[in-house]
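Trainee: This is run_26.pdb (PDB, C-alpha atoms).
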ATOM      1  CA  MET Z   1     144.225  60.612  -1.723  1.00  0.00           C
ATOM      2  CA  ALA Z   2     143.756  63.894   0.041  1.00  0.00           C
ATOM      3  CA  GLY Z   3     146.760  65.229   1.919  1.00  0.00           C
ATOM      4  CA  PRO Z   4     146.822  66.548   5.474  1.00  0.00           C
ATOM      5  CA  THR Z   5     144.818  69.655   6.193  1.00  0.00           C
ATOM      6  CA  ILE Z   6     144.894  72.264   8.937  1.00  0.00           C
ATOM      7  CA  ASP Z   7     141.825  72.157  11.158  1.00  0.00           C
ATOM      8  CA  ALA Z   8     142.781  74.869  13.640  1.00  0.00           C
ATOM      9  CA  LEU Z   9     139.328  75.057  15.214  1.00  0.00           C
ATOM     10  CA  GLY Z  10     138.736  71.331  15.548  1.00  0.00           C
ATOM     11  CA  GLN Z  11     140.508  71.271  18.901  1.00  0.00           C
ATOM     12  CA  PHE Z  12     137.679  73.346  20.392  1.00  0.00           C
ATOM     13  CA  ARG Z  13     134.929  70.944  19.333  1.00  0.00           C
ATOM     14  CA  LEU Z  14     132.854  69.569  22.190  1.00  0.00           C
ATOM     15  CA  THR Z  15     132.592  65.794  22.454  1.00  0.00           C
ATOM     16  CA  THR Z  16     131.034  63.438  24.987  1.00  0.00           C
ATOM     17  CA  GLY Z  17     133.105  62.618  28.045  1.00  0.00           C
ATOM     18  CA  LEU Z  18     132.943  59.677  30.471  1.00  0.00           C
ATOM     19  CA  GLY Z  19     131.526  57.317  27.833  1.00  0.00           C
ATOM     20  CA  PRO Z  20     127.904  56.124  28.223  1.00  0.00           C
ATOM     21  CA  LEU Z  21     127.548  57.920  31.556  1.00  0.00           C
ATOM     22  CA  GLY Z  22     128.604  61.174  29.901  1.00  0.00           C
ATOM     23  CA  ARG Z  23     126.042  60.719  27.134  1.00  0.00           C
ATOM     24  CA  ALA Z  24     123.331  60.116  29.714  1.00  0.00           C
ATOM     25  CA  ILE Z  25     124.067  63.310  31.659  1.00  0.00           C
ATOM     26  CA  ASP Z  26     125.403  65.394  28.729  1.00  0.00           C
ATOM     27  CA  PHE Z  27     128.927  65.477  30.190  1.00  0.00           C
ATOM     28  CA  THR Z  28     131.430  66.889  27.688  1.00  0.00           C
ATOM     29  CA  ASN Z  29     135.209  66.938  27.320  1.00  0.00           C
ATOM     30  CA  SER Z  30     135.072  70.539  28.569  1.00  0.00           C
ATOM     31  CA  ASN Z  31     133.419  69.337  31.775  1.00  0.00           C
ATOM     32  CA  GLU Z  32     136.107  66.665  32.066  1.00  0.00           C
ATOM     33  CA  ALA Z  33     138.839  69.297  31.848  1.00  0.00           C
ATOM     34  CA  MET Z  34     137.143  71.506  34.432  1.00  0.00           C
ATOM     35  CA  LEU Z  35     136.735  68.556  36.783  1.00  0.00           C
ATOM     36  CA  ALA Z  36     140.371  67.576  36.237  1.00  0.00           C
ATOM     37  CA  SER Z  37     141.510  71.126  37.037  1.00  0.00           C
ATOM     38  CA  ALA Z  38     139.512  71.199  40.263  1.00  0.00           C
ATOM     39  CA  VAL Z  39     140.803  67.770  41.332  1.00  0.00           C
ATOM     40  CA  ILE Z  40     144.420  68.681  40.543  1.00  0.00           C
ATOM     41  CA  VAL Z  41     144.134  71.881  42.578  1.00  0.00           C
ATOM     42  CA  VAL Z  42     142.724  70.006  45.572  1.00  0.00           C
ATOM     43  CA  ILE Z  43     145.347  67.246  45.366  1.00  0.00           C
ATOM     44  CA  LEU Z  44     148.203  69.690  44.860  1.00  0.00           C
ATOM     45  CA  PHE Z  45     147.289  71.745  47.901  1.00  0.00           C
ATOM     46  CA  ALA Z  46     146.474  68.684  50.013  1.00  0.00           C
ATOM     47  CA  ILE Z  47     149.947  67.289  49.326  1.00  0.00           C
ATOM     48  CA  GLY Z  48     151.637  70.662  49.729  1.00  0.00           C
ATOM     49  CA  LEU Z  49     150.011  71.401  53.080  1.00  0.00           C
ATOM     50  CA  LYS Z  50     150.223  67.888  54.483  1.00  0.00           C
ATOM     51  CA  SER Z  51     153.733  68.096  55.938  1.00  0.00           C
ATOM     52  CA  ARG Z  52     153.860  71.813  56.829  1.00  0.00           C
ATOM     53  CA  ALA Z  53     157.615  71.466  57.167  1.00  0.00           C
ATOM     54  CA  LEU Z  54     159.753  74.322  58.436  1.00  0.00           C
ATOM     55  CA  VAL Z  55     161.996  73.800  55.405  1.00  0.00           C
ATOM     56  CA  PRO Z  56     159.413  73.256  52.636  1.00  0.00           C
ATOM     57  CA  GLY Z  57     159.806  70.822  49.793  1.00  0.00           C
ATOM     58  CA  ARG Z  58     159.085  71.725  46.193  1.00  0.00           C
ATOM     59  CA  ILE Z  59     155.318  71.231  46.285  1.00  0.00           C
ATOM     60  CA  GLN Z  60     154.924  72.972  49.641  1.00  0.00           C
ATOM     61  CA  ALA Z  61     157.099  75.847  48.417  1.00  0.00           C
ATOM     62  CA  LEU Z  62     154.945  76.168  45.289  1.00  0.00           C
ATOM     63  CA  VAL Z  63     151.727  76.147  47.323  1.00  0.00           C
ATOM     64  CA  GLU Z  64     153.078  78.742  49.756  1.00  0.00           C
ATOM     65  CA  LEU Z  65     154.292  80.912  46.874  1.00  0.00           C
ATOM     66  CA  LEU Z  66     150.869  80.888  45.189  1.00  0.00           C
ATOM     67  CA  TYR Z  67     149.124  81.510  48.509  1.00  0.00           C
ATOM     68  CA  GLU Z  68     151.319  84.490  49.369  1.00  0.00           C
ATOM     69  CA  PHE Z  69     151.120  85.883  45.834  1.00  0.00           C
ATOM     70  CA  VAL Z  70     147.313  85.926  45.736  1.00  0.00           C
ATOM     71  CA  HIS Z  71     147.012  87.027  49.373  1.00  0.00           C
ATOM     72  CA  ASN Z  72     149.246  90.042  48.731  1.00  0.00           C
ATOM     73  CA  MET Z  73     147.253  90.803  45.585  1.00  0.00           C
ATOM     74  CA  CYS Z  74     144.007  90.898  47.563  1.00  0.00           C
ATOM     75  CA  MET Z  75     145.412  92.992  50.410  1.00  0.00           C
ATOM     76  CA  ASP Z  76     147.204  95.475  48.153  1.00  0.00           C
ATOM     77  CA  THR Z  77     144.304  95.906  45.717  1.00  0.00           C
ATOM     78  CA  ILE Z  78     141.190  95.660  47.889  1.00  0.00           C
ATOM     79  CA  GLY Z  79     142.645  96.810  51.198  1.00  0.00           C
ATOM     80  CA  PRO Z  80     142.157  95.295  54.669  1.00  0.00           C
ATOM     81  CA  GLU Z  81     138.777  93.955  53.521  1.00  0.00           C
ATOM     82  CA  GLY Z  82     140.606  91.797  50.978  1.00  0.00           C
ATOM     83  CA  ARG Z  83     141.248  89.136  53.599  1.00  0.00           C
ATOM     84  CA  LYS Z  84     137.633  87.949  53.559  1.00  0.00           C
ATOM     85  CA  PHE Z  85     137.582  87.833  49.748  1.00  0.00           C
ATOM     86  CA  PHE Z  86     140.881  85.969  49.502  1.00  0.00           C
ATOM     87  CA  PRO Z  87     139.336  82.431  49.320  1.00  0.00           C
ATOM     88  CA  LEU Z  88     137.201  83.452  46.342  1.00  0.00           C
ATOM     89  CA  VAL Z  89     140.027  85.163  44.447  1.00  0.00           C
ATOM     90  CA  PHE Z  90     142.436  82.340  45.217  1.00  0.00           C
ATOM     91  CA  THR Z  91     139.946  79.737  43.948  1.00  0.00           C
ATOM     92  CA  ILE Z  92     139.349  81.683  40.732  1.00  0.00           C
ATOM     93  CA  PHE Z  93     143.078  82.189  40.144  1.00  0.00           C
ATOM     94  CA  SER Z  94     143.967  78.534  40.784  1.00  0.00           C
ATOM     95  CA  PHE Z  95     141.108  77.177  38.667  1.00  0.00           C
ATOM     96  CA  ILE Z  96     141.892  79.379  35.668  1.00  0.00           C
ATOM     97  CA  LEU Z  97     145.650  78.799  35.950  1.00  0.00           C
ATOM     98  CA  LEU Z  98     145.242  74.998  35.994  1.00  0.00           C
ATOM     99  CA  GLY Z  99     142.676  75.195  33.202  1.00  0.00           C
ATOM    100  CA  ASN Z 100     145.060  77.204  31.041  1.00  0.00           C
ATOM    101  CA  LEU Z 101     147.975  74.880  31.752  1.00  0.00           C
ATOM    102  CA  ILE Z 102     146.313  71.496  31.246  1.00  0.00           C
ATOM    103  CA  GLY Z 103     144.919  72.748  27.936  1.00  0.00           C
ATOM    104  CA  LEU Z 104     148.509  72.776  26.655  1.00  0.00           C
ATOM    105  CA  PHE Z 105     148.863  69.005  27.039  1.00  0.00           C
ATOM    106  CA  PRO Z 106     147.818  66.511  24.323  1.00  0.00           C
ATOM    107  CA  TYR Z 107     144.358  64.955  24.711  1.00  0.00           C
ATOM    108  CA  PHE Z 108     143.317  67.637  27.213  1.00  0.00           C
ATOM    109  CA  PHE Z 109     140.698  70.270  26.449  1.00  0.00           C
ATOM    110  CA  ALA Z 110     141.338  73.987  26.926  1.00  0.00           C
ATOM    111  CA  PHE Z 111     138.013  74.940  28.511  1.00  0.00           C
ATOM    112  CA  THR Z 112     139.135  78.555  29.014  1.00  0.00           C
ATOM    113  CA  SER Z 113     139.082  78.908  25.222  1.00  0.00           C
ATOM    114  CA  HIS Z 114     135.273  78.607  25.262  1.00  0.00           C
ATOM    115  CA  ILE Z 115     133.417  81.890  25.666  1.00  0.00           C
ATOM    116  CA  ALA Z 116     130.558  80.120  27.485  1.00  0.00           C
ATOM    117  CA  VAL Z 117     132.925  79.141  30.298  1.00  0.00           C
ATOM    118  CA  THR Z 118     134.749  82.462  30.593  1.00  0.00           C
ATOM    119  CA  LEU Z 119     131.493  84.449  30.362  1.00  0.00           C
ATOM    120  CA  THR Z 120     129.940  82.352  33.139  1.00  0.00           C
ATOM    121  CA  MET Z 121     132.910  83.047  35.419  1.00  0.00           C
ATOM    122  CA  ALA Z 122     132.894  86.730  34.483  1.00  0.00           C
ATOM    123  CA  LEU Z 123     129.163  87.039  35.170  1.00  0.00           C
ATOM    124  CA  PHE Z 124     129.631  85.409  38.553  1.00  0.00           C
ATOM    125  CA  VAL Z 125     132.384  87.910  39.453  1.00  0.00           C
ATOM    126  CA  PHE Z 126     130.249  90.798  38.169  1.00  0.00           C
ATOM    127  CA  LEU Z 127     127.119  89.779  40.080  1.00  0.00           C
ATOM    128  CA  PHE Z 128     129.067  88.946  43.235  1.00  0.00           C
ATOM    129  CA  SER Z 129     130.926  92.274  43.279  1.00  0.00           C
ATOM    130  CA  THR Z 130     127.685  94.143  42.575  1.00  0.00           C
ATOM    131  CA  GLY Z 131     126.010  92.268  45.430  1.00  0.00           C
ATOM    132  CA  VAL Z 132     128.904  93.206  47.721  1.00  0.00           C
ATOM    133  CA  GLY Z 133     128.450  96.838  46.725  1.00  0.00           C
ATOM    134  CA  PHE Z 134     124.745  96.892  47.587  1.00  0.00           C
ATOM    135  CA  TYR Z 135     125.307  94.848  50.741  1.00  0.00           C
ATOM    136  CA  THR Z 136     127.987  97.270  51.937  1.00  0.00           C
ATOM    137  CA  HIS Z 137     126.418 100.576  50.920  1.00  0.00           C
ATOM    138  CA  GLY Z 138     122.763  99.862  50.239  1.00  0.00           C
ATOM    139  CA  PHE Z 139     121.171 102.121  47.644  1.00  0.00           C
ATOM    140  CA  ARG Z 140     124.020 104.582  48.143  1.00  0.00           C
ATOM    141  CA  PHE Z 141     125.963 102.287  45.804  1.00  0.00           C
ATOM    142  CA  PHE Z 142     124.206 104.046  42.917  1.00  0.00           C
ATOM    143  CA  LYS Z 143     126.450 107.024  43.698  1.00  0.00           C
ATOM    144  CA  PHE Z 144     129.234 104.932  42.148  1.00  0.00           C
ATOM    145  CA  PHE Z 145     127.874 105.970  38.731  1.00  0.00           C
ATOM    146  CA  VAL Z 146     128.045 109.684  39.576  1.00  0.00           C
ATOM    147  CA  PRO Z 147     131.613 110.979  39.017  1.00  0.00           C
ATOM    148  CA  ALA Z 148     132.814 113.229  41.823  1.00  0.00           C
ATOM    149  CA  GLY Z 149     133.440 116.894  41.078  1.00  0.00           C
ATOM    150  CA  VAL Z 150     131.522 116.896  37.798  1.00  0.00           C
ATOM    151  CA  PRO Z 151     129.205 119.852  37.023  1.00  0.00           C
ATOM    152  CA  GLY Z 152     125.527 118.970  37.294  1.00  0.00           C
ATOM    153  CA  TRP Z 153     124.799 119.808  33.678  1.00  0.00           C
ATOM    154  CA  LEU Z 154     127.246 117.074  32.558  1.00  0.00           C
ATOM    155  CA  LEU Z 155     125.687 114.302  34.652  1.00  0.00           C
ATOM    156  CA  PRO Z 156     122.958 113.356  32.101  1.00  0.00           C
ATOM    157  CA  LEU Z 157     125.799 112.590  29.697  1.00  0.00           C
ATOM    158  CA  LEU Z 158     128.331 111.001  32.030  1.00  0.00           C
ATOM    159  CA  VAL Z 159     126.044 108.825  34.180  1.00  0.00           C
ATOM    160  CA  PRO Z 160     124.828 106.692  31.216  1.00  0.00           C
ATOM    161  CA  ILE Z 161     128.451 106.327  30.104  1.00  0.00           C
ATOM    162  CA  GLU Z 162     129.445 105.150  33.583  1.00  0.00           C
ATOM    163  CA  ILE Z 163     126.555 102.661  33.648  1.00  0.00           C
ATOM    164  CA  ILE Z 164     127.434 101.265  30.212  1.00  0.00           C
ATOM    165  CA  SER Z 165     131.077 100.989  31.235  1.00  0.00           C
ATOM    166  CA  TYR Z 166     130.087  99.118  34.388  1.00  0.00           C
ATOM    167  CA  LEU Z 167     127.766  96.732  32.546  1.00  0.00           C
ATOM    168  CA  SER Z 168     130.504  95.970  29.996  1.00  0.00           C
ATOM    169  CA  ARG Z 169     132.773  94.511  32.684  1.00  0.00           C
ATOM    170  CA  PRO Z 170     131.712  90.862  32.259  1.00  0.00           C
ATOM    171  CA  VAL Z 171     132.065  91.170  28.490  1.00  0.00           C
ATOM    172  CA  SER Z 172     135.608  92.548  28.586  1.00  0.00           C
ATOM    173  CA  LEU Z 173     136.629  90.175  31.389  1.00  0.00           C
ATOM    174  CA  SER Z 174     135.393  87.076  29.558  1.00  0.00           C
ATOM    175  CA  VAL Z 175     136.513  88.047  26.051  1.00  0.00           C
ATOM    176  CA  ARG Z 176     140.033  88.884  27.213  1.00  0.00           C
ATOM    177  CA  LEU Z 177     140.619  85.401  28.630  1.00  0.00           C
ATOM    178  CA  PHE Z 178     138.771  83.599  25.837  1.00  0.00           C
ATOM    179  CA  ALA Z 179     140.493  85.490  23.012  1.00  0.00           C
ATOM    180  CA  ASN Z 180     144.015  85.123  24.347  1.00  0.00           C
ATOM    181  CA  MET Z 181     143.715  81.393  24.982  1.00  0.00           C
ATOM    182  CA  THR Z 182     141.967  80.718  21.681  1.00  0.00           C
ATOM    183  CA  ALA Z 183     144.491  82.714  19.648  1.00  0.00           C
ATOM    184  CA  GLY Z 184     147.443  80.898  21.180  1.00  0.00           C
ATOM    185  CA  HIS Z 185     145.980  77.438  20.551  1.00  0.00           C
ATOM    186  CA  VAL Z 186     145.022  78.339  16.972  1.00  0.00           C
ATOM    187  CA  MET Z 187     148.560  79.546  16.203  1.00  0.00           C
ATOM    188  CA  TRP Z 188     149.967  76.387  17.742  1.00  0.00           C
ATOM    189  CA  GLU Z 189     147.725  74.201  15.586  1.00  0.00           C
ATOM    190  CA  VAL Z 190     148.470  76.181  12.431  1.00  0.00           C
ATOM    191  CA  PHE Z 191     152.256  75.896  12.736  1.00  0.00           C
ATOM    192  CA  ALA Z 192     151.953  72.198  13.585  1.00  0.00           C
ATOM    193  CA  GLY Z 193     149.830  71.781  10.459  1.00  0.00           C
ATOM    194  CA  PHE Z 194     152.480  73.555   8.391  1.00  0.00           C
ATOM    195  CA  MET Z 195     155.004  70.897   9.432  1.00  0.00           C
ATOM    196  CA  LEU Z 196     152.722  68.107   8.187  1.00  0.00           C
ATOM    197  CA  LEU Z 197     151.881  69.932   4.961  1.00  0.00           C
ATOM    198  CA  LEU Z 198     155.526  70.637   4.121  1.00  0.00           C
ATOM    199  CA  THR Z 199     156.576  67.073   4.861  1.00  0.00           C
ATOM    200  CA  ALA Z 200     153.698  65.554   2.866  1.00  0.00           C
ATOM    201  CA  SER Z 201     154.076  67.799  -0.167  1.00  0.00           C
ATOM    202  CA  LEU Z 202     157.866  68.210  -0.464  1.00  0.00           C
ATOM    203  CA  GLY Z 203     159.225  65.004   1.013  1.00  0.00           C
ATOM    204  CA  VAL Z 204     162.769  65.271   2.377  1.00  0.00           C
ATOM    205  CA  VAL Z 205     163.001  68.954   1.431  1.00  0.00           C
ATOM    206  CA  GLY Z 206     159.741  69.600   3.233  1.00  0.00           C
ATOM    207  CA  ALA Z 207     160.988  67.763   6.309  1.00  0.00           C
ATOM    208  CA  VAL Z 208     164.000  70.080   6.414  1.00  0.00           C
ATOM    209  CA  ALA Z 209     161.826  73.142   5.802  1.00  0.00           C
ATOM    210  CA  ALA Z 210     159.501  71.991   8.609  1.00  0.00           C
ATOM    211  CA  ILE Z 211     162.249  72.853  11.079  1.00  0.00           C
ATOM    212  CA  ILE Z 212     161.159  76.508  10.842  1.00  0.00           C
ATOM    213  CA  PRO Z 213     157.541  76.004  11.997  1.00  0.00           C
ATOM    214  CA  LEU Z 214     158.843  73.470  14.531  1.00  0.00           C
ATOM    215  CA  GLY Z 215     161.097  76.147  16.038  1.00  0.00           C
ATOM    216  CA  LEU Z 216     158.190  78.588  16.057  1.00  0.00           C
ATOM    217  CA  ASN Z 217     156.048  76.020  17.855  1.00  0.00           C
ATOM    218  CA  VAL Z 218     158.707  75.546  20.510  1.00  0.00           C
ATOM    219  CA  ALA Z 219     158.761  79.309  21.032  1.00  0.00           C
ATOM    220  CA  LEU Z 220     154.957  79.317  21.155  1.00  0.00           C
ATOM    221  CA  VAL Z 221     155.031  76.754  23.962  1.00  0.00           C
ATOM    222  CA  ALA Z 222     157.067  79.161  26.079  1.00  0.00           C
ATOM    223  CA  LEU Z 223     154.740  82.007  25.107  1.00  0.00           C
ATOM    224  CA  GLU Z 224     151.645  79.963  25.945  1.00  0.00           C
ATOM    225  CA  LEU Z 225     153.046  79.125  29.384  1.00  0.00           C
ATOM    226  CA  LEU Z 226     153.542  82.836  29.978  1.00  0.00           C
ATOM    227  CA  VAL Z 227     150.061  83.680  28.688  1.00  0.00           C
ATOM    228  CA  ALA Z 228     148.507  80.936  30.846  1.00  0.00           C
ATOM    229  CA  GLY Z 229     149.888  82.499  34.004  1.00  0.00           C
ATOM    230  CA  LEU Z 230     149.350  86.075  32.860  1.00  0.00           C
ATOM    231  CA  GLN Z 231     145.691  85.597  31.974  1.00  0.00           C
ATOM    232  CA  ALA Z 232     144.966  83.915  35.307  1.00  0.00           C
ATOM    233  CA  TYR Z 233     146.621  86.880  37.018  1.00  0.00           C
ATOM    234  CA  VAL Z 234     144.692  89.429  34.918  1.00  0.00           C
ATOM    235  CA  PHE Z 235     141.360  87.760  35.700  1.00  0.00           C
ATOM    236  CA  ALA Z 236     142.202  87.643  39.410  1.00  0.00           C
ATOM    237  CA  ILE Z 237     143.507  91.217  39.637  1.00  0.00           C
ATOM    238  CA  LEU Z 238     140.436  92.566  37.822  1.00  0.00           C
ATOM    239  CA  THR Z 239     138.253  90.620  40.243  1.00  0.00           C
ATOM    240  CA  CYS Z 240     140.115  92.361  43.068  1.00  0.00           C
ATOM    241  CA  LEU Z 241     139.636  95.763  41.409  1.00  0.00           C
ATOM    242  CA  TYR Z 242     135.898  95.180  41.021  1.00  0.00           C
ATOM    243  CA  LEU Z 243     135.650  94.173  44.672  1.00  0.00           C
ATOM    244  CA  HIS Z 244     137.655  97.259  45.634  1.00  0.00           C
ATOM    245  CA  ASP Z 245     135.165  99.444  43.767  1.00  0.00           C
ATOM    246  CA  ALA Z 246     132.281  97.648  45.468  1.00  0.00           C
ATOM    247  CA  VAL Z 247     133.766  98.152  48.933  1.00  0.00           C
ATOM    248  CA  HIS Z 248     135.184 101.659  48.574  1.00  0.00           C
ATOM    249  CA  MET Z 249     133.138 103.107  45.658  1.00  0.00           C
ATOM    250  CA  HIS Z 250     136.191 104.791  44.110  1.00  0.00           C
TER     251      HIS Z 250
END
In structure tokens, write the structure found in this file.
Mentor:
Amino acid sequence: MAGPTIDALGQFRLTTGLGPLGRAIDFTNSNEAMLASAVIVVILFAIGLKSRALVPGRIQALVELLYEFVHNMCMDTIGPEGRKFFPLVFTIFSFILLGNLIGLFPYFFAFTSHIAVTLTMALFVFLFSTGVGFYTHGFRFFKFFVPAGVPGWLLPLLVPIEIISYLSRPVSLSVRLFANMTAGHVMWEVFAGFMLLLTASLGVVGAVAAIIPLGLNVALVALELLVAGLQAYVFAILTCLYLHDAVHMH
């Protein structure tokens, strides 16, 4: 009889969600997780803003903290124009944060560990910020690719570099989130697999030795919680920086 094996990538496998209805409309477990994240965000903020108490409870305090945190991020990074972009940035931050967090729970799917999802979000941010740039400045937005104070003879070299750097934004934005979430979940699965392998192969001695990967997994939980919040922040702050460039062209 074959012993337990480590299938670190199996957790990222797409399956059908919502039973027969999901098969009919090609609804996957990734779609389920995204829908769950959106619903949780709406419910959380509906409950938190329902009372609007002068002395907030825990949920209201959490909602107000997140609101103020993202609002300050937009205003400090984009400038006064950040107020009108706040709903977009706040939605992106909340959606990614909830997606990262629910992926840590058993039987939930970490949709931010799929490059198709993160690339779609990154492309949306890229196209939206580019559209803002052309809407604000018209064709003068092309001056964004011409570094100020550079001698004319260097422009044929630097302008293509600036264009390539600009076009690489969705790639770096999506890969950063995807890679960090995937790496954390793979490490988690590997150390959990070590516990099963040690216990199955060495019996009581293996069960004692499994305490080491168990301790590492506990530490990884804390690290994953930190990474979940950090990656949502990084995606949001880069969105703000791209919008700043689109509005101010510097």
Trainee: What does the distance from CA of Lys143 (chain Z) to CA of Ser168 (chain Z) come to in Å, to one decimal?
Mentor: 18.1 Å
Trainee: Using only C-alpha atoms, which of the listed residues (Z:Glu32, Z:Phe144, Z:Glu224, Z:Ser37) sits closest to Ile96 (chain Z)?
Mentor: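 Nearest to Ile96 (chain Z): Z:Ser37.
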Trainee: Just want the 12 Å neighbourhood of Gly17 (chain Z), counted on all atoms listed in the file, with same-chain residues fewer than 5 positions away dropped. Output as a ChimeraX atom specification.
Mentor: /Z:22-35,107-109
Trainee: Residue by residue, what does the PyMOL selection byres ((chain Z and resi 177) around 10) grab here? Present the result as a list of chain:residue names.
Mentor: Z:Ile96, Z:Asn100, Z:Thr112, Z:Ser113, Z:His114, Z:Ile115, Z:Thr118, Z:Leu119, Z:Ala122, Z:Ser172, Z:Leu173, Z:Ser174, Z:Val175, Z:Arg176, Z:Phe178, Z:Ala179, Z:Asn180, Z:Met181, Z:Thr182, Z:Val227, Z:Ala228, Z:Leu230, Z:Gln231, Z:Ala232, Z:Val234, Z:Phe235
Trainee: Could you tell me, as a VMD selection string, exactly which residues end up selected when the PyMOL selection byres ((chain Z and resi 146) around 8) is applied to this structure?
Mentor: chain Z and resid 142 to 145 147 to 148 155 158 to 159 162
Trainee: Using only C-alpha atoms, please write the residues we just selected to a file, as a PDB file, in the frame of the given file.
Mentor:
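This went into part-v2.pdb:
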ATOM      1  CA  PHE Z 142     124.206 104.046  42.917  1.00  0.00           C
ATOM      2  CA  LYS Z 143     126.450 107.024  43.698  1.00  0.00           C
ATOM      3  CA  PHE Z 144     129.234 104.932  42.148  1.00  0.00           C
ATOM      4  CA  PHE Z 145     127.874 105.970  38.731  1.00  0.00           C
ATOM      5  CA  PRO Z 147     131.613 110.979  39.017  1.00  0.00           C
ATOM      6  CA  ALA Z 148     132.814 113.229  41.823  1.00  0.00           C
ATOM      7  CA  LEU Z 155     125.687 114.302  34.652  1.00  0.00           C
ATOM      8  CA  LEU Z 158     128.331 111.001  32.030  1.00  0.00           C
ATOM      9  CA  VAL Z 159     126.044 108.825  34.180  1.00  0.00           C
ATOM     10  CA  GLU Z 162     129.445 105.150  33.583  1.00  0.00           C
TER      11      GLU Z 162
END
Trainee: Quick check, in Å to one decimal: how far apart do CA of Gly133 (chain Z) and CA of Val247 (chain Z) lie?
Mentor: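 Value for the CA of Gly133 (chain Z)-CA of Val247 (chain Z) distance: 5.9 Å.
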Trainee: Considering only C-alpha atoms, can you say which of Z:Leu98, Z:Ala246, Z:Leu65, Z:Ile92 comes closest to Phe111 (chain Z)?
Mentor: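 Checking each candidate against Phe111 (chain Z), we get Z:Leu98 as the closest.
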Trainee: If I take CA of Met249 (chain Z) and CA of Thr91 (chain Z), how far is one from the other in Å, to one decimal?
Mentor: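 About the pair CA of Met249 (chain Z) and CA of Thr91 (chain Z): they are 24.4 Å apart.
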Trainee: For each of Z:Leu44, Z:Leu197, Z:Leu127, Z:Leu214, take the minimum atom-to-atom distance to Thr239 (chain Z), counting all atoms listed in the file, then give the residue where this is smallest.
Mentor: Z:Leu127
Trainee: With only C-alpha atoms as the atoms that count, which of Z:Ser94, Z:Ser51, Z:Ser129, Z:Ser165 lies nearest to Leu66 (chain Z)?
Mentor: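 Counting only C-alpha atoms, the residue closest to Leu66 (chain Z) is Z:Ser94.
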Trainee: Using all atoms listed in the file, list the residues that have an atom at most 12 Å from (138.4, 88.1, 51.1), coordinates as in the file, as a list of chain:residue names.
Mentor: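 Taken together, the residues in range are Z:Val70, Z:His71, Z:Asn72, Z:Met73, Z:Cys74, Z:Met75, Z:Asp76, Z:Thr77, Z:Ile78, Z:Gly79, Z:Pro80, Z:Glu81, Z:Gly82, Z:Arg83, Z:Lys84, Z:Phe85, Z:Phe86, Z:Pro87, Z:Leu88, Z:Val89, Z:Phe90, Z:Thr91, Z:Ser129, Z:Val132, Z:Thr239, Z:Cys240, Z:Leu243, Z:His244, Z:Val247.
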